[in-house]
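Input: a single structure, listed below in structure tokens.
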Amino acid sequence: RFGHGLSYTTFTYSDLQIVGNTSDAVTVSVTVENTGARRGAEVVQLYVTDEFCRITPFVERLRGFEKIWLEPGQKQTVSFRLGFEDFAFINEKMEQEVEPGTFTIRVGSEKSTVEIEK
């Protein structure tokens, strides 16, 4: 996968939270902890999957990323704001459209779903 590389430390993800349920505003946050013995960098990546779409959807789309540096044992909460374009696909009229439905949000090893309303 993109961003999977070697590091001299390890990281864990926890407490994935999704606030909002419209295509205009969804905020996603996750806590990242350096569980290793060395200072290290982690690229926190957020992926979105449309679980059902009348047009074949992408399996996963990278919708945000942020590089953070953490000391051993240090935790940091990373937040992303998703908007209309992050849930949209190109329809038959070549226009961006968001269908209401279930979207899976994955950040690191954590994932959850959100029901998007119009």
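Every chain in the structure tokens has a letter given in the order shown (A, B, ...), and although residue numbers restart at 1 in each chain, ligands are simply numbered from 1 in the order shown.
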Could you produce a table of the residues of stretch 76-108 of chain A lying within 9 Å of stretch 56-71 of chain A, with the nearest pair of atoms per residue and their separation in Å rounded to one decimal, using only C-alpha atoms, ordered by chain and increasing residue number, as a tab-separated table?
residue	atom	partner	partner_atom	distance
A:Gln76	CA	A:Leu70	CA	7.8
A:Val78	CA	A:Glu66	CA	7.9
A:Phe80	CA	A:Gly64	CA	6.9
A:Arg81	CA	A:Gly64	CA	8.6
A:Leu82	CA	A:Arg63	CA	7.8
A:Asp86	CA	A:Arg63	CA	6.3
A:Phe89	CA	A:Pro57	CA	7.7
A:Thr104	CA	A:Glu60	CA	8.9
_as a PyMOL selection string, please: the residues near A:Val107 (cut-off 9 Å, only C-alpha atoms, same-chain neighbours under 2 positions excluded)._
chain A and resi 13+16+28-30+44-47+105+109-111
With all heavy atoms kept, could you save the residues just selected as an mmCIF file, in the first residue's frame?
data_model
loop_
_atom_site.group_PDB
_atom_site.id
_atom_site.type_symbol
_atom_site.label_atom_id
_atom_site.label_comp_id
_atom_site.auth_asym_id
_atom_site.auth_seq_id
_atom_site.Cartn_x
_atom_site.Cartn_y
_atom_site.Cartn_z
ATOM 1 N N TYR A 13 -3.088 3.192 16.233
ATOM 2 C CA TYR A 13 -4.192 4.124 15.995
ATOM 3 C C TYR A 13 -5.353 3.720 16.892
ATOM 4 O O TYR A 13 -5.617 2.529 17.060
ATOM 5 C CB TYR A 13 -4.643 4.046 14.537
ATOM 6 C CG TYR A 13 -3.667 4.624 13.543
ATOM 7 C CD1 TYR A 13 -2.471 3.992 13.257
ATOM 8 C CD2 TYR A 13 -3.956 5.806 12.876
ATOM 9 C CE1 TYR A 13 -1.576 4.512 12.347
ATOM 10 C CE2 TYR A 13 -3.068 6.336 11.946
ATOM 11 C CZ TYR A 13 -1.882 5.692 11.696
ATOM 12 O OH TYR A 13 -0.999 6.215 10.788
ATOM 13 N N LEU A 16 -11.028 6.362 16.741
ATOM 14 C CA LEU A 16 -11.518 6.978 15.504
ATOM 15 C C LEU A 16 -12.904 7.547 15.760
ATOM 16 O O LEU A 16 -13.794 6.848 16.239
ATOM 17 C CB LEU A 16 -11.576 5.942 14.377
ATOM 18 C CG LEU A 16 -12.116 6.435 13.033
ATOM 19 C CD1 LEU A 16 -11.204 7.502 12.441
ATOM 20 C CD2 LEU A 16 -12.260 5.274 12.073
ATOM 21 N N VAL A 28 -13.321 13.959 10.821
ATOM 22 C CA VAL A 28 -12.790 12.664 11.241
ATOM 23 C C VAL A 28 -11.560 12.927 12.087
ATOM 24 O O VAL A 28 -10.683 13.703 11.687
ATOM 25 C CB VAL A 28 -12.410 11.797 10.019
ATOM 26 C CG1 VAL A 28 -11.824 10.472 10.456
ATOM 27 C CG2 VAL A 28 -13.618 11.587 9.113
ATOM 28 N N SER A 29 -11.486 12.282 13.257
ATOM 29 C CA SER A 29 -10.287 12.414 14.082
ATOM 30 C C SER A 29 -9.861 11.039 14.574
ATOM 31 O O SER A 29 -10.677 10.132 14.723
ATOM 32 C CB SER A 29 -10.525 13.356 15.266
ATOM 33 O OG SER A 29 -11.512 12.840 16.121
ATOM 34 N N VAL A 30 -8.561 10.890 14.800
ATOM 35 C CA VAL A 30 -7.993 9.633 15.280
ATOM 36 C C VAL A 30 -6.780 9.979 16.148
ATOM 37 O O VAL A 30 -6.107 10.980 15.922
ATOM 38 C CB VAL A 30 -7.602 8.708 14.104
ATOM 39 C CG1 VAL A 30 -6.433 9.278 13.307
ATOM 40 C CG2 VAL A 30 -7.318 7.297 14.564
ATOM 41 N N VAL A 44 -0.142 9.871 8.500
ATOM 42 C CA VAL A 44 -1.506 9.452 8.816
ATOM 43 C C VAL A 44 -2.341 9.653 7.550
ATOM 44 O O VAL A 44 -2.416 10.763 7.027
ATOM 45 C CB VAL A 44 -2.074 10.279 9.986
ATOM 46 C CG1 VAL A 44 -3.478 9.831 10.338
ATOM 47 C CG2 VAL A 44 -1.146 10.191 11.193
ATOM 48 N N GLN A 45 -2.937 8.561 7.063
ATOM 49 C CA GLN A 45 -3.665 8.592 5.798
ATOM 50 C C GLN A 45 -5.137 8.266 6.012
ATOM 51 O O GLN A 45 -5.461 7.320 6.716
ATOM 52 C CB GLN A 45 -3.073 7.567 4.837
ATOM 53 C CG GLN A 45 -1.610 7.793 4.556
ATOM 54 C CD GLN A 45 -1.011 6.636 3.801
ATOM 55 O OE1 GLN A 45 -1.612 6.069 2.906
ATOM 56 N NE2 GLN A 45 0.206 6.268 4.168
ATOM 57 N N LEU A 46 -6.004 9.039 5.380
ATOM 58 C CA LEU A 46 -7.447 8.829 5.478
ATOM 59 C C LEU A 46 -7.984 8.374 4.118
ATOM 60 O O LEU A 46 -7.725 9.017 3.100
ATOM 61 C CB LEU A 46 -8.149 10.121 5.890
ATOM 62 C CG LEU A 46 -9.663 10.016 6.039
ATOM 63 C CD1 LEU A 46 -10.119 10.866 7.202
ATOM 64 C CD2 LEU A 46 -10.398 10.401 4.795
ATOM 65 N N TYR A 47 -8.696 7.249 4.127
ATOM 66 C CA TYR A 47 -9.287 6.690 2.908
ATOM 67 C C TYR A 47 -10.797 6.639 3.043
ATOM 68 O O TYR A 47 -11.327 6.377 4.127
ATOM 69 C CB TYR A 47 -8.773 5.265 2.661
ATOM 70 C CG TYR A 47 -7.315 5.205 2.298
ATOM 71 C CD1 TYR A 47 -6.343 5.097 3.285
ATOM 72 C CD2 TYR A 47 -6.908 5.266 0.974
ATOM 73 C CE1 TYR A 47 -5.002 5.030 2.961
ATOM 74 C CE2 TYR A 47 -5.560 5.209 0.638
ATOM 75 C CZ TYR A 47 -4.619 5.094 1.635
ATOM 76 O OH TYR A 47 -3.284 5.040 1.316
ATOM 77 N N ILE A 105 -14.869 4.887 6.350
ATOM 78 C CA ILE A 105 -13.735 5.780 6.577
ATOM 79 C C ILE A 105 -12.654 4.939 7.242
ATOM 80 O O ILE A 105 -12.901 4.278 8.251
ATOM 81 C CB ILE A 105 -14.112 6.944 7.516
ATOM 82 C CG1 ILE A 105 -15.376 7.671 7.039
ATOM 83 C CG2 ILE A 105 -12.921 7.869 7.726
ATOM 84 C CD1 ILE A 105 -15.212 8.442 5.769
ATOM 85 N N SER A 109 -5.134 1.618 10.947
ATOM 86 C CA SER A 109 -5.791 0.343 11.187
ATOM 87 C C SER A 109 -7.232 0.511 11.666
ATOM 88 O O SER A 109 -7.949 -0.469 11.838
ATOM 89 C CB SER A 109 -5.002 -0.447 12.230
ATOM 90 O OG SER A 109 -4.916 0.310 13.422
ATOM 91 N N GLU A 110 -7.658 1.738 11.899
ATOM 92 C CA GLU A 110 -9.003 2.008 12.402
ATOM 93 C C GLU A 110 -9.952 2.287 11.248
ATOM 94 O O GLU A 110 -9.605 2.994 10.304
ATOM 95 C CB GLU A 110 -8.987 3.227 13.327
ATOM 96 C CG GLU A 110 -8.151 3.054 14.562
ATOM 97 C CD GLU A 110 -8.761 2.051 15.521
ATOM 98 O OE1 GLU A 110 -9.873 2.283 16.004
ATOM 99 O OE2 GLU A 110 -8.101 1.017 15.772
ATOM 100 N N LYS A 111 -11.161 1.720 11.319
ATOM 101 C CA LYS A 111 -12.158 2.081 10.318
ATOM 102 C C LYS A 111 -13.548 2.063 10.918
ATOM 103 O O LYS A 111 -13.814 1.367 11.888
ATOM 104 C CB LYS A 111 -12.056 1.224 9.075
ATOM 105 C CG LYS A 111 -12.482 -0.184 9.150
ATOM 106 C CD LYS A 111 -12.385 -0.773 7.745
ATOM 107 C CE LYS A 111 -12.388 -2.268 7.765
ATOM 108 N NZ LYS A 111 -12.323 -2.829 6.443
#
_Quick one: residues within 7 Å of stretch 20-27 of chain A, only C-alpha atoms, excluding same-chain residues fewer than 3 positions away - as a VMD selection string?_
chain A and resid 79 to 84 87 114 to 118
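Using only C-alpha atoms, the residues found no farther than 12 Å from A:Gly40, other than those of its own chain fewer than 4 positions away, are Leu6, Ser7, Tyr8, Thr9, Thr10, Phe11, Val32, Glu33, Asn34, Thr35, Gly36, Lys67, Ile68, Trp69, Leu70, Glu71, Pro72, Gly73, Gln74 and Lys75 of chain A.
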*Closest to A:Glu42 among A:Thr102, A:Asp15, A:Gly108, A:Ile90, using only C-alpha atoms?*
A:Gly108
_Can you tell me, as a PyMOL selection string, which residues in chain A count as strand (DSSP E or B) by DSSP?_
chain A and resi 11-22+25-34+40-50+61-70+75-82+89-90+96-97+101-107+110-117
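Comparing A:Thr12, A:Gln17, A:Asn91, A:Gln96 by their smallest distance to A:Arg54, the closest is A:Asn91 (using only C-alpha atoms).
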